[in-house]
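Structure data (mmCIF, C-alpha atoms and all ligand atoms) from my_file.cif:
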data_input
loop_
_atom_site.label_atom_id
_atom_site.label_comp_id
_atom_site.auth_asym_id
_atom_site.auth_seq_id
_atom_site.Cartn_x
_atom_site.Cartn_y
_atom_site.Cartn_z
CA MET B 27 0.00 0.00 0.00
CA ARG B 28 1.00 3.62 -0.44
CA VAL B 29 1.10 5.06 3.06
CA ALA B 30 1.55 8.62 4.34
CA ILE B 31 2.50 9.10 7.97
CA ILE B 32 1.88 12.60 9.33
CA GLY B 33 4.50 13.32 12.01
CA GLN B 34 7.93 11.66 11.96
CA GLY B 35 8.70 11.65 15.68
CA TYR B 36 9.07 8.67 18.02
CA VAL B 37 5.77 7.16 16.90
CA GLY B 38 5.57 8.16 13.25
CA LEU B 39 9.12 7.09 12.34
CA THR B 40 8.77 3.80 14.23
CA ILE B 41 5.60 2.97 12.29
CA ALA B 42 7.22 4.16 9.05
CA VAL B 43 10.05 1.64 9.27
CA GLY B 44 7.70 -1.10 10.48
CA ALA B 45 5.42 -0.59 7.48
CA ALA B 46 8.33 -0.11 5.04
CA GLY B 47 9.74 -3.43 6.24
CA ALA B 48 6.42 -5.07 5.33
CA GLY B 49 6.76 -3.87 1.74
CA HIS B 50 4.64 -0.72 1.82
CA SER B 51 5.70 2.49 0.16
CA ILE B 52 6.02 5.18 2.83
CA ILE B 53 5.90 8.96 2.76
CA GLY B 54 6.99 10.41 6.08
CA PHE B 55 5.37 13.83 6.22
CA ASP B 56 6.55 16.35 8.81
CA VAL B 57 6.46 20.14 9.16
CA ASN B 58 10.02 20.21 10.54
CA GLU B 59 12.26 20.88 7.51
CA GLY B 60 15.51 20.12 9.35
CA LEU B 61 14.15 16.77 10.49
CA VAL B 62 12.94 15.85 7.00
CA ALA B 63 16.34 16.75 5.49
CA ALA B 64 18.13 14.63 8.12
CA LEU B 65 15.80 11.66 7.56
CA ASN B 66 16.28 11.82 3.80
CA ALA B 67 20.04 11.84 4.43
CA GLY B 68 19.58 8.58 6.35
CA THR B 69 19.96 10.02 9.86
CA SER B 70 17.48 8.73 12.42
CA HIS B 71 16.73 10.83 15.52
CA ILE B 72 15.28 8.04 17.66
CA GLU B 73 16.87 5.11 19.48
CA GLY B 74 14.72 2.34 17.99
CA VAL B 75 15.47 3.15 14.33
CA LEU B 76 19.00 2.59 13.03
CA ASP B 77 20.57 4.89 10.42
CA THR B 78 21.50 1.84 8.35
CA GLU B 79 17.91 0.59 8.38
CA LEU B 80 16.57 4.01 7.35
CA ALA B 81 19.22 4.41 4.63
CA ALA B 82 18.34 1.00 3.18
CA PHE B 83 14.64 1.92 2.93
CA ILE B 84 15.53 5.24 1.28
CA ALA B 85 17.83 3.51 -1.20
CA SER B 86 15.15 0.95 -2.16
CA GLY B 87 12.52 3.67 -2.56
CA ALA B 88 10.40 2.26 0.30
CA TYR B 89 10.73 5.46 2.37
CA LYS B 90 10.92 9.16 1.68
CA ALA B 91 10.40 12.07 4.06
CA SER B 92 8.67 15.23 2.84
CA THR B 93 7.33 18.62 3.92
CA GLU B 94 5.12 18.87 0.80
CA PRO B 95 1.42 18.47 1.69
CA VAL B 96 0.48 17.47 -1.88
CA VAL B 97 2.39 14.18 -1.63
CA ILE B 98 -0.17 12.71 0.79
CA ASP B 99 -2.91 12.72 -1.86
CA GLY B 100 -3.42 9.37 -3.56
CA CYS B 101 -2.32 7.27 -0.57
CA ASP B 102 -4.26 4.16 0.50
CA VAL B 103 -3.57 4.82 4.18
CA ILE B 104 -2.85 8.05 6.08
CA VAL B 105 -1.61 7.69 9.67
CA ILE B 106 -1.69 10.65 12.07
CA ALA B 107 1.13 10.58 14.66
CA VAL B 108 1.46 14.15 15.95
CA PRO B 109 2.02 15.55 19.46
CA THR B 110 -0.88 15.73 21.91
CA PRO B 111 0.56 17.82 24.76
CA LEU B 112 -1.08 19.82 27.55
CA ASP B 113 -1.53 23.59 27.36
CA ASP B 114 -0.40 26.10 30.01
CA VAL B 115 -3.23 25.14 32.36
CA ARG B 116 -2.74 21.38 31.82
CA ASN B 117 -5.75 20.96 29.51
CA PRO B 118 -5.50 18.90 26.26
CA ASP B 119 -3.90 20.79 23.37
CA LEU B 120 -5.34 19.28 20.19
CA SER B 121 -3.94 21.96 17.89
CA TYR B 122 -1.50 19.50 16.22
CA VAL B 123 -4.29 16.94 15.65
CA HIS B 124 -6.50 19.67 14.18
CA ALA B 125 -3.63 20.83 11.94
CA ALA B 126 -3.16 17.25 10.67
CA ALA B 127 -6.91 16.87 10.00
CA ASP B 128 -6.99 20.22 8.20
CA LEU B 129 -3.96 19.18 6.14
CA ILE B 130 -5.85 16.06 5.00
CA ALA B 131 -9.05 18.05 4.35
CA LYS B 132 -7.17 20.51 2.16
CA ASN B 133 -4.91 18.16 0.23
CA VAL B 134 -6.42 14.68 -0.02
CA LYS B 135 -8.91 14.36 -2.87
CA SER B 136 -9.07 10.55 -3.19
CA PRO B 137 -10.67 8.32 -0.49
CA ALA B 138 -8.22 6.76 1.97
CA LEU B 139 -8.13 4.97 5.31
CA ILE B 140 -7.29 7.59 7.94
CA VAL B 141 -5.88 6.20 11.19
CA ASN B 142 -5.17 8.22 14.29
CA GLU B 143 -2.32 6.83 16.40
CA SER B 144 -1.85 9.99 18.48
CA THR B 145 -2.93 9.54 22.09
CA SER B 146 -6.08 11.45 22.98
CA TYR B 147 -9.38 11.21 24.80
CA PRO B 148 -12.38 9.16 23.59
CA GLY B 149 -14.22 10.97 20.82
CA THR B 150 -11.13 12.49 19.19
CA LEU B 151 -11.28 10.48 15.95
CA ARG B 152 -15.02 11.05 15.53
CA ASN B 153 -15.34 14.67 16.65
CA GLU B 154 -11.92 16.28 16.23
CA ILE B 155 -10.70 14.54 13.04
CA ALA B 156 -13.50 13.03 10.91
CA ARG B 157 -15.82 16.01 11.45
CA ARG B 158 -13.16 18.40 10.13
CA ILE B 159 -12.78 16.43 6.87
CA THR B 160 -16.09 16.58 5.02
CA ALA B 161 -15.45 16.84 1.27
CA VAL B 162 -14.22 13.25 0.73
CA ASP B 163 -15.77 10.03 2.08
CA HIS B 164 -12.76 8.50 3.89
CA LEU B 165 -12.62 5.47 6.20
CA TYR B 166 -11.62 6.29 9.79
CA ALA B 167 -10.00 4.14 12.47
CA SER B 168 -8.30 4.66 15.80
CA SER B 169 -5.21 2.61 16.62
CA PRO B 170 -3.44 4.23 19.56
CA GLU B 171 0.30 3.66 19.55
CA ARG B 172 1.77 1.78 22.52
CA VAL B 173 5.46 2.02 21.57
CA ASP B 174 7.89 2.13 24.50
CA PRO B 175 11.05 3.80 23.16
CA GLY B 176 14.18 1.89 24.12
CA ASN B 177 12.27 -1.31 24.97
CA THR B 178 14.07 -4.13 23.18
CA GLU B 179 11.59 -6.84 24.22
CA TRP B 180 8.31 -5.26 23.08
CA GLY B 181 8.13 -3.38 19.78
CA THR B 182 5.74 -2.59 16.96
CA LYS B 183 5.65 -6.21 15.77
CA ASN B 184 4.88 -8.09 18.98
CA THR B 185 2.89 -5.53 20.98
CA PRO B 186 -0.82 -6.27 20.41
CA ARG B 187 -2.48 -3.52 18.40
CA LEU B 188 -5.92 -2.15 19.22
CA ILE B 189 -8.20 -1.15 16.36
CA GLY B 190 -11.57 0.56 16.53
CA GLY B 191 -13.25 2.00 13.44
CA LEU B 192 -16.07 4.39 12.67
CA THR B 193 -17.46 1.77 10.25
CA PRO B 194 -16.95 -2.00 9.68
CA ALA B 195 -15.24 -1.17 6.35
CA ALA B 196 -12.71 1.02 8.22
CA VAL B 197 -11.96 -1.82 10.66
CA THR B 198 -11.47 -4.31 7.81
CA LYS B 199 -9.07 -2.01 5.96
CA ALA B 200 -7.16 -1.10 9.14
CA LYS B 201 -6.77 -4.77 10.07
CA GLU B 202 -5.54 -5.54 6.55
CA PHE B 203 -2.89 -2.81 6.85
CA TYR B 204 -1.65 -3.48 10.41
CA ALA B 205 -1.66 -7.28 9.99
CA THR B 206 1.21 -6.84 7.53
CA PHE B 207 3.59 -5.77 10.32
CA CYS B 208 1.88 -6.50 13.68
CA ASP B 209 1.52 -10.06 15.04
CA THR B 210 -1.67 -9.52 17.04
CA ILE B 211 -4.63 -7.29 16.23
CA PHE B 212 -7.30 -6.77 18.89
CA GLU B 213 -10.51 -5.33 17.47
CA VAL B 214 -12.73 -3.26 19.75
CA SER B 215 -16.28 -2.12 19.13
CA SER B 216 -15.58 1.59 18.59
CA PRO B 217 -12.76 4.12 18.23
CA GLU B 218 -13.77 5.49 21.64
CA VAL B 219 -12.93 2.14 23.31
CA ALA B 220 -9.50 2.05 21.64
CA GLU B 221 -8.81 5.68 22.61
CA ALA B 222 -9.93 5.13 26.21
CA ALA B 223 -7.92 1.89 26.56
CA LYS B 224 -4.71 3.69 25.69
CA ILE B 225 -5.20 6.53 28.17
CA PHE B 226 -6.39 4.14 30.86
CA GLU B 227 -3.19 2.06 30.44
CA ASN B 228 -1.10 5.16 31.09
CA THR B 229 -3.35 6.32 33.92
CA PHE B 230 -2.84 2.92 35.57
CA ARG B 231 0.92 3.52 35.48
CA GLN B 232 0.63 7.14 36.63
CA VAL B 233 -1.53 6.25 39.65
CA ASN B 234 0.60 3.26 40.67
CA ILE B 235 3.83 5.24 40.35
CA ALA B 236 2.31 7.96 42.54
CA LEU B 237 1.30 5.32 45.08
CA VAL B 238 4.86 3.98 45.41
CA ASN B 239 6.25 7.52 45.44
CA GLU B 240 4.03 8.34 48.40
CA PHE B 241 4.88 5.01 50.02
CA ALA B 242 8.63 5.70 49.62
CA GLN B 243 8.16 8.85 51.71
CA ILE B 244 6.17 6.98 54.37
CA ALA B 245 8.79 4.21 54.54
CA ASP B 246 11.65 6.69 54.86
CA ALA B 247 9.85 8.49 57.69
CA LEU B 248 9.36 5.11 59.38
CA GLY B 249 13.08 4.40 59.05
CA ILE B 250 12.69 1.39 56.74
CA SER B 251 13.71 0.86 53.12
CA GLY B 252 10.71 1.39 50.81
CA ARG B 253 12.39 -0.57 48.04
CA GLU B 254 13.05 -3.53 50.33
CA VAL B 255 9.37 -3.49 51.30
CA LEU B 256 8.30 -3.41 47.64
CA ASP B 257 10.65 -6.27 46.74
CA ALA B 258 9.26 -8.26 49.66
CA ALA B 259 5.66 -7.54 48.62
CA ALA B 260 6.51 -8.61 45.07
CA THR B 261 7.26 -12.15 46.24
CA LYS B 262 3.48 -12.63 46.45
CA PRO B 263 2.74 -14.61 43.29
CA TYR B 264 -0.70 -13.10 42.68
CA GLY B 265 -2.57 -9.84 43.25
CA PHE B 266 0.50 -7.56 43.34
CA MET B 267 2.44 -5.74 40.63
CA GLU B 268 5.70 -3.99 41.48
CA PHE B 269 6.22 -0.35 40.53
CA ASN B 270 9.34 1.63 41.45
CA PRO B 271 9.52 5.00 43.16
CA GLY B 272 11.53 7.77 41.51
CA PRO B 273 12.06 11.52 41.15
CA GLY B 274 8.74 12.02 39.28
CA VAL B 275 7.44 11.01 35.87
CA GLY B 276 8.54 12.22 32.43
CA GLY B 277 8.12 11.67 28.72
CA HIS B 278 5.19 12.36 26.44
CA CYS B 279 2.82 9.82 28.03
CA ILE B 280 2.61 9.27 31.81
CA PRO B 281 2.63 12.95 32.92
CA VAL B 282 0.26 13.96 30.10
CA ASP B 283 -2.24 11.30 29.01
CA PRO B 284 -4.08 10.92 32.36
CA SER B 285 -4.97 14.62 32.18
CA TYR B 286 -6.73 13.89 28.87
CA LEU B 287 -8.89 11.34 30.72
CA ALA B 288 -9.49 13.79 33.59
CA HIS B 289 -10.56 16.42 31.05
CA VAL B 290 -13.34 14.28 29.53
CA ALA B 291 -14.27 12.91 32.96
CA ASN B 292 -14.92 16.45 34.17
CA GLN B 293 -16.98 17.16 31.06
CA VAL B 294 -19.31 14.24 31.85
CA GLY B 295 -19.52 15.17 35.52
CA VAL B 296 -17.27 12.51 37.06
CA PRO B 297 -14.34 13.97 38.99
CA ALA B 298 -11.14 12.03 38.22
CA THR B 299 -9.83 12.24 41.78
CA PHE B 300 -7.18 9.52 41.49
CA ILE B 301 -5.60 11.27 38.50
CA LYS B 302 -5.60 14.63 40.27
CA ARG B 303 -3.96 13.21 43.42
CA ALA B 304 -1.45 11.16 41.42
CA ASN B 305 -0.41 14.29 39.51
CA GLU B 306 0.06 16.15 42.78
CA VAL B 307 2.26 13.40 44.26
CA ASN B 308 4.37 12.89 41.14
CA LEU B 309 4.84 16.62 40.50
CA ALA B 310 5.97 17.10 44.13
CA MET B 311 8.70 14.41 43.91
CA PRO B 312 11.51 16.77 42.73
CA ALA B 313 10.91 18.93 45.82
CA TYR B 314 11.04 15.80 48.00
CA VAL B 315 14.33 14.74 46.36
CA VAL B 316 15.87 18.16 47.00
CA LYS B 317 14.61 18.18 50.59
CA ARG B 318 16.33 14.81 51.16
CA VAL B 319 19.53 15.97 49.43
CA VAL B 320 19.68 19.03 51.67
CA ALA B 321 19.01 16.94 54.79
CA GLY B 322 21.60 14.35 53.75
CA SER B 323 24.20 17.08 53.16
CA GLY B 324 24.07 18.46 56.69
CA GLY B 325 21.12 20.86 56.28
CA SER B 326 22.47 23.20 53.58
CA ILE B 327 23.79 22.92 50.03
CA LYS B 328 24.53 26.65 49.65
CA GLY B 329 27.71 27.12 47.62
CA LYS B 330 28.15 23.37 47.08
CA ALA B 331 28.93 21.95 43.62
CA VAL B 332 26.14 19.56 42.66
CA VAL B 333 26.00 17.37 39.57
CA VAL B 334 22.66 15.90 38.49
CA VAL B 335 23.40 12.67 36.66
CA GLY B 336 21.02 11.46 33.92
CA VAL B 337 18.58 14.16 32.78
CA SER B 338 16.45 12.24 30.26
CA TYR B 339 13.25 10.90 31.73
CA LYS B 340 14.26 7.24 31.55
CA SER B 341 17.23 4.94 31.08
CA ASN B 342 18.99 4.63 27.75
CA VAL B 343 16.92 7.20 25.85
CA ALA B 344 17.81 10.83 25.07
CA ASP B 345 14.22 12.09 25.50
CA THR B 346 14.06 15.02 27.96
CA ARG B 347 10.36 15.86 27.48
CA GLU B 348 8.68 16.54 30.84
CA THR B 349 11.77 15.16 32.62
CA PRO B 350 11.69 15.61 36.41
CA ALA B 351 15.44 16.39 36.23
CA ALA B 352 14.51 19.94 35.15
CA ALA B 353 12.64 20.66 38.39
CA VAL B 354 15.33 18.90 40.48
CA ILE B 355 18.02 21.18 38.97
CA ASP B 356 15.93 24.35 39.37
CA LEU B 357 15.10 23.56 43.00
CA LEU B 358 18.74 22.72 43.83
CA ARG B 359 19.73 26.11 42.38
CA GLU B 360 17.06 27.81 44.51
CA GLN B 361 18.88 26.32 47.51
CA GLY B 362 22.04 28.19 46.49
CA ALA B 363 23.98 25.26 45.02
CA THR B 364 26.09 25.52 41.87
CA VAL B 365 24.44 22.90 39.68
CA ALA B 366 25.76 21.18 36.57
CA TRP B 367 24.38 18.06 34.93
CA HIS B 368 25.83 15.04 33.21
CA ASP B 369 24.17 12.89 30.54
CA ASP B 370 26.12 11.14 27.78
CA LEU B 371 22.98 10.62 25.68
CA VAL B 372 21.58 14.15 25.97
CA GLY B 373 24.75 16.24 25.41
CA ASN B 374 23.02 19.64 25.13
CA TRP B 375 19.83 20.71 26.88
CA ARG B 376 18.24 23.99 28.03
CA GLY B 377 21.22 25.91 26.60
CA GLU B 378 23.72 23.95 28.72
CA SER B 379 26.13 21.13 27.96
CA SER B 380 26.77 17.89 29.77
CA ALA B 381 29.50 18.38 32.43
CA ALA B 382 31.92 16.04 34.19
CA ILE B 383 30.73 14.10 37.26
CA LYS B 384 34.11 13.98 38.96
CA GLY B 385 34.91 16.78 41.37
CA ALA B 386 31.35 17.58 42.49
CA ASP B 387 30.57 17.76 46.22
CA ILE B 388 27.18 16.15 45.67
CA ALA B 389 25.86 13.84 42.92
CA VAL B 390 22.12 13.30 42.44
CA LEU B 391 21.46 10.28 40.24
CA VAL B 392 18.11 10.91 38.53
CA THR B 393 18.34 8.51 35.56
CA LYS B 394 20.90 5.75 35.11
CA HIS B 395 21.97 4.88 31.56
CA ASP B 396 24.01 1.77 30.75
CA GLY B 397 27.73 2.54 30.85
CA LEU B 398 27.48 5.16 33.60
CA ASP B 399 30.89 5.86 35.16
CA LEU B 400 30.13 4.52 38.65
CA ALA B 401 33.65 5.25 39.94
CA ALA B 402 33.23 8.95 39.07
CA LEU B 403 29.81 8.99 40.74
CA LYS B 404 31.11 7.38 43.90
CA SER B 405 34.04 9.83 44.04
CA CYS B 406 31.59 12.64 44.88
CA GLY B 407 31.33 13.53 48.57
CA TYR B 408 27.64 12.64 48.87
CA VAL B 409 25.52 10.57 46.46
CA PHE B 410 21.72 10.65 46.42
CA ASP B 411 20.26 7.85 44.29
CA CYS B 412 16.74 8.18 42.81
CA THR B 413 17.10 4.85 40.94
CA GLY B 414 17.62 2.34 43.75
CA THR B 415 20.67 0.88 42.01
CA ILE B 416 23.69 2.23 43.94
CA ALA B 417 24.31 -0.06 46.89
CA GLY B 418 24.73 1.79 50.16
CA ALA B 419 23.79 5.22 48.76
CA ASP B 420 21.17 7.44 50.33
CA GLY B 421 18.10 7.76 48.12
CA ILE B 422 14.52 6.81 47.31
N1 LIG Q 501 6.83 8.81 22.52
C1 LIG Q 501 6.16 7.79 22.97
O1 LIG Q 501 6.71 6.97 23.70
C2 LIG Q 501 4.71 7.56 22.62
C3 LIG Q 501 4.17 6.29 22.83
C4 LIG Q 501 2.87 6.05 22.50
C5 LIG Q 501 2.08 7.09 21.99
N2 LIG Q 501 2.61 8.33 21.83
C6 LIG Q 501 1.74 9.36 21.28
O2 LIG Q 501 1.99 9.51 19.90
C7 LIG Q 501 1.84 10.88 19.47
C8 LIG Q 501 3.12 11.38 18.87
O3 LIG Q 501 4.13 11.32 19.86
P1 LIG Q 501 5.68 11.33 19.48
O4 LIG Q 501 6.38 10.89 20.71
O5 LIG Q 501 5.92 10.61 18.21
O6 LIG Q 501 5.90 12.91 19.26
P2 LIG Q 501 7.21 13.60 18.64
O7 LIG Q 501 7.23 14.98 19.21
O8 LIG Q 501 8.39 12.72 18.79
O9 LIG Q 501 6.89 13.70 17.08
C9 LIG Q 501 5.83 14.41 16.55
C10 LIG Q 501 6.24 14.90 15.18
O10 LIG Q 501 5.09 15.51 14.60
C11 LIG Q 501 5.53 16.64 13.85
N3 LIG Q 501 4.39 17.51 13.62
C12 LIG Q 501 3.80 18.38 14.47
N4 LIG Q 501 2.74 18.96 13.86
C13 LIG Q 501 2.65 18.42 12.62
C14 LIG Q 501 1.77 18.61 11.53
N5 LIG Q 501 0.74 19.46 11.61
N6 LIG Q 501 2.00 17.92 10.41
C15 LIG Q 501 3.05 17.05 10.34
N7 LIG Q 501 3.91 16.83 11.33
C16 LIG Q 501 3.71 17.51 12.47
C17 LIG Q 501 6.63 17.23 14.69
O11 LIG Q 501 7.49 18.04 13.92
C18 LIG Q 501 7.34 15.96 15.21
O12 LIG Q 501 8.40 15.56 14.36
C19 LIG Q 501 1.40 11.61 20.73
O13 LIG Q 501 0.00 11.64 20.79
C20 LIG Q 501 1.93 10.73 21.85
O14 LIG Q 501 1.20 10.89 23.05
C21 LIG Q 501 3.92 8.57 22.11
#
For this file, write the structure as structure tokens.
Ligand SMILES: NC(=O)c1ccc[n+]([C@@H]2O[C@H](COP(=O)([O-])OP(=O)(O)OC[C@H]3O[C@@H](n4cnc5c(N)ncnc54)[C@H](O)[C@@H]3O)[C@@H](O)[C@H]2O)c1
Amino acid sequence: MRVAIIGQGYVGLTIAVGAAGAGHSIIGFDVNEGLVAALNAGTSHIEGVLDTELAAFIASGAYKASTEPVVIDGCDVIVIAVPTPLDDVRNPDLSYVHAAADLIAKNVKSPALIVNESTSYPGTLRNEIARRITAVDHLYASSPERVDPGNTEWGTKNTPRLIGGLTPAAVTKAKEFYATFCDTIFEVSSPEVAEAAKIFENTFRQVNIALVNEFAQIADALGISGREVLDAAATKPYGFMEFNPGPGVGGHCIPVDPSYLAHVANQVGVPATFIKRANEVNLAMPAYVVKRVVAGSGGSIKGKAVVVVGVSYKSNVADTRETPAAAVIDLLREQGATVAWHDDLVGNWRGESSAAIKGADIAVLVTKHDGLDLAALKSCGYVFDCTGTIAGADGI
């Protein structure tokens, strides 16, 4: 099939190479000219897609990136994979989804299957996409992406794919397309069910992470190791699932998607109290980390050299979106410390460059990538570990 994928970020590029590998002809459409030029030169910007893989698809003609809206006309399938962030007051910002729908409305004259993979609340495909595209009779399906960047066990092929369509014909066509590169397709009765399943999955993680974050604080106040308690609880073979405490939540999904569910919940008169409380707990974790660092450093960090180690939001990825490291650094600076950060994968961030670990008075390990220089970390006067991986270190 001829396939256009709108948005060539983590999701769009991952799907592009998955579908190209299944023999489809892919146009990767994006508004970012620099990104499109880099992709066409065979340079991938995400961990899960190798430059060599991308270059091979370009060479065979299976993939081409473009900023030209006209190239999406005439495709059999058009996939929307654009950002769905929160606005300044933490409400859903659907402006990118609307822009993608308007792009299709303006440029696509021949009927196609239109699939939304962007994460959003139930009703988005029907009300925010299909309703904006009236001139052509397209098929519409929702298939929320579940990709976990950096996860080498679960990828596009073996992660079951949800599909819900506005019509049976849309479901049939979507199944035909995704079955070419996904092992398991799970059909649901409507796009709203697929959309809600995705945001509920991430809400489940958000709430459980908040629960262990709160528990970590209770355990510390009780003078016991929260992580030891969690490991002990996890020996129960049924009815328990282990989550790990940390400095907060980051990335495009866990800090954001639950607020999409809370938004529609409020609209239908059901207060999403778990989501609200979980947000409060997770957003307060950087302040808790800094409070513990100050207490562990004798009550003041004024004038001390602090290095925050690992600023991406999770191990072995360079993604700094919504990373709790930002708030940890800002709050350490408010305490009068001189703060640098170190991250081999990130390199440059917020106008600053990655600095050396060695020589700092205090090291705060926020995210641990493989290959971290443990000797340098341990050479710092005081180490606070948010990852639970440095034996003997203070931490959560
Ligand atoms: N990153 C993840 O782990 C992940 C996992 C599952 C689902 N999602 C969801 O998938 C969607 C996309 O996320 P992502 O991580 O790929 O985002 P991203 O920021 O990595 O990529 C989005 C891309 O869309 C482009 N873009 C923005 N507006 C556009 C437009 N009007 N037309 C064409 N391109 C446009 C941007 O330039 C960018 O390259 C979001 O809804 C997100 O919640 C993300």
Requested in this report: Give me the residues within 8 Å of stretch 179-195 of chain B as a ChimeraX atom specification, counting all atoms listed in the file and dropping any in the same chain fewer than 6 places off.
Outcome: /B:40-41,44,152,165-173,201,207-220
Query - For ligand LIG 501 (chain Q), the nearest of the candidates B:Lys90, B:Lys135, B:Lys224, B:His395, counting only C-alpha atoms and all ligand atoms - result: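 Going through B:Lys90, B:Lys135, B:Lys224, B:His395 one by one, the smallest distance to ligand LIG 501 (chain Q) is for B:Lys224.
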Report task. For ligand LIG 501 (chain Q), list the contacting residues at 7 Å or closer, counting all atoms listed in the file, as a PyMOL selection string. Result -> chain B and resi 32-38+55-58+107-110+122-123+125-126+143-146+170-175+277-279+283
Selection from above, C-alpha atoms, as an mmCIF file, in the frame of the given file, can you write it?
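To be explicit, this is the file written out as result-v2.cif:
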data_model
loop_
_atom_site.group_PDB
_atom_site.id
_atom_site.type_symbol
_atom_site.label_atom_id
_atom_site.label_comp_id
_atom_site.auth_asym_id
_atom_site.auth_seq_id
_atom_site.Cartn_x
_atom_site.Cartn_y
_atom_site.Cartn_z
ATOM 1 C CA ILE B 32 1.880 12.600 9.330
ATOM 2 C CA GLY B 33 4.500 13.320 12.010
ATOM 3 C CA GLN B 34 7.930 11.660 11.960
ATOM 4 C CA GLY B 35 8.700 11.650 15.680
ATOM 5 C CA TYR B 36 9.070 8.670 18.020
ATOM 6 C CA VAL B 37 5.770 7.160 16.900
ATOM 7 C CA GLY B 38 5.570 8.160 13.250
ATOM 8 C CA PHE B 55 5.370 13.830 6.220
ATOM 9 C CA ASP B 56 6.550 16.350 8.810
ATOM 10 C CA VAL B 57 6.460 20.140 9.160
ATOM 11 C CA ASN B 58 10.020 20.210 10.540
ATOM 12 C CA ALA B 107 1.130 10.580 14.660
ATOM 13 C CA VAL B 108 1.460 14.150 15.950
ATOM 14 C CA PRO B 109 2.020 15.550 19.460
ATOM 15 C CA THR B 110 -0.880 15.730 21.910
ATOM 16 C CA TYR B 122 -1.500 19.500 16.220
ATOM 17 C CA VAL B 123 -4.290 16.940 15.650
ATOM 18 C CA ALA B 125 -3.630 20.830 11.940
ATOM 19 C CA ALA B 126 -3.160 17.250 10.670
ATOM 20 C CA GLU B 143 -2.320 6.830 16.400
ATOM 21 C CA SER B 144 -1.850 9.990 18.480
ATOM 22 C CA THR B 145 -2.930 9.540 22.090
ATOM 23 C CA SER B 146 -6.080 11.450 22.980
ATOM 24 C CA PRO B 170 -3.440 4.230 19.560
ATOM 25 C CA GLU B 171 0.300 3.660 19.550
ATOM 26 C CA ARG B 172 1.770 1.780 22.520
ATOM 27 C CA VAL B 173 5.460 2.020 21.570
ATOM 28 C CA ASP B 174 7.890 2.130 24.500
ATOM 29 C CA PRO B 175 11.050 3.800 23.160
ATOM 30 C CA GLY B 277 8.120 11.670 28.720
ATOM 31 C CA HIS B 278 5.190 12.360 26.440
ATOM 32 C CA CYS B 279 2.820 9.820 28.030
ATOM 33 C CA ASP B 283 -2.240 11.300 29.010
#
**Report entry** Length of the atom CA of B:Leu80 to atom CA of B:Ile106 vector [Å]
**Finding:** 20.0 Å
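In this structure, atom CA of B:Ala91 sits 22.2 Å away from atom CA of B:Ser121.
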Requested in this report: Would you mind listing what lies within 12 Å of stretch 402-409 of chain B as a PyMOL selection string, with all atoms listed in the file counted and same-chain residues fewer than 3 positions away left out?
Outcome: chain B and resi 315+318-324+327+330-336+368+382-392+394+397-399+412-422
Test item: which residues lie within 6 Å of (-6.6, 5.3, 9.1) counting only C-alpha atoms, as a PDB file with C-alpha atoms, in the coordinates of the input:
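And here is the file that came out, out_26.pdb:
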ATOM      1  CA  VAL B 103      -3.570   4.820   4.180  1.00  0.00           C
ATOM      2  CA  ILE B 104      -2.850   8.050   6.080  1.00  0.00           C
ATOM      3  CA  VAL B 105      -1.610   7.690   9.670  1.00  0.00           C
ATOM      4  CA  LEU B 139      -8.130   4.970   5.310  1.00  0.00           C
ATOM      5  CA  ILE B 140      -7.290   7.590   7.940  1.00  0.00           C
ATOM      6  CA  VAL B 141      -5.880   6.200  11.190  1.00  0.00           C
ATOM      7  CA  TYR B 166     -11.620   6.290   9.790  1.00  0.00           C
ATOM      8  CA  ALA B 167     -10.000   4.140  12.470  1.00  0.00           C
TER       9      ALA B 167
END
Distance query B:Phe269 at most 10 Å, only C-alpha atoms, self and fewer than 4 positions along chain excluded, as a short mmCIF file (atom, residue, chain, number, x, y, z; two decimals) with C-alpha atoms, in the coordinates of the input:
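Listed below is the output, selection.cif:
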data_model
loop_
_atom_site.label_atom_id
_atom_site.label_comp_id
_atom_site.auth_asym_id
_atom_site.auth_seq_id
_atom_site.Cartn_x
_atom_site.Cartn_y
_atom_site.Cartn_z
CA ARG B 231 0.92 3.52 35.48
CA ASN B 234 0.60 3.26 40.67
CA ILE B 235 3.83 5.24 40.35
CA ALA B 236 2.31 7.96 42.54
CA LEU B 237 1.30 5.32 45.08
CA VAL B 238 4.86 3.98 45.41
CA ASN B 239 6.25 7.52 45.44
CA ARG B 253 12.39 -0.57 48.04
CA LEU B 256 8.30 -3.41 47.64
CA ASP B 257 10.65 -6.27 46.74
CA ALA B 260 6.51 -8.61 45.07
#
**Report entry** Protein/DNA/RNA residues near (-10.2, 18.4, 31.3), cut 12 Å, only C-alpha atoms, as a list in words
**Finding:**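 Protein, DNA and RNA residues close to (-10.2, 18.4, 31.3): Leu112, Asp113, Val115, Arg116, Asn117, Pro118, Asp119, Ser146, Tyr147, Val282, Asp283, Pro284, Ser285, Tyr286, Leu287, Ala288, His289, Val290, Ala291, Asn292, Gln293, Val294, Gly295, Val296, Pro297, Ala298, Ile301 and Lys302 of chain B.
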Query raised in the report: Can you tell me how far atom CA of B:Asp370 sits from atom CA of B:Pro281, in Å to one decimal?
Result: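 Distance between the two atoms: 24.1 Å.
Near B:Gly87, within 9 Å and counting only C-alpha atoms, sit B:Ser51, B:Ile52, B:Ala82, B:Phe83, B:Ile84, B:Lys90, not including residues fewer than 3 positions from it in the same chain.
Minimum distance to B:Glu348 across B:Gly49, B:Gly276, B:Leu120, B:Thr69 (counting all atoms listed in the file) occurs at B:Gly276.
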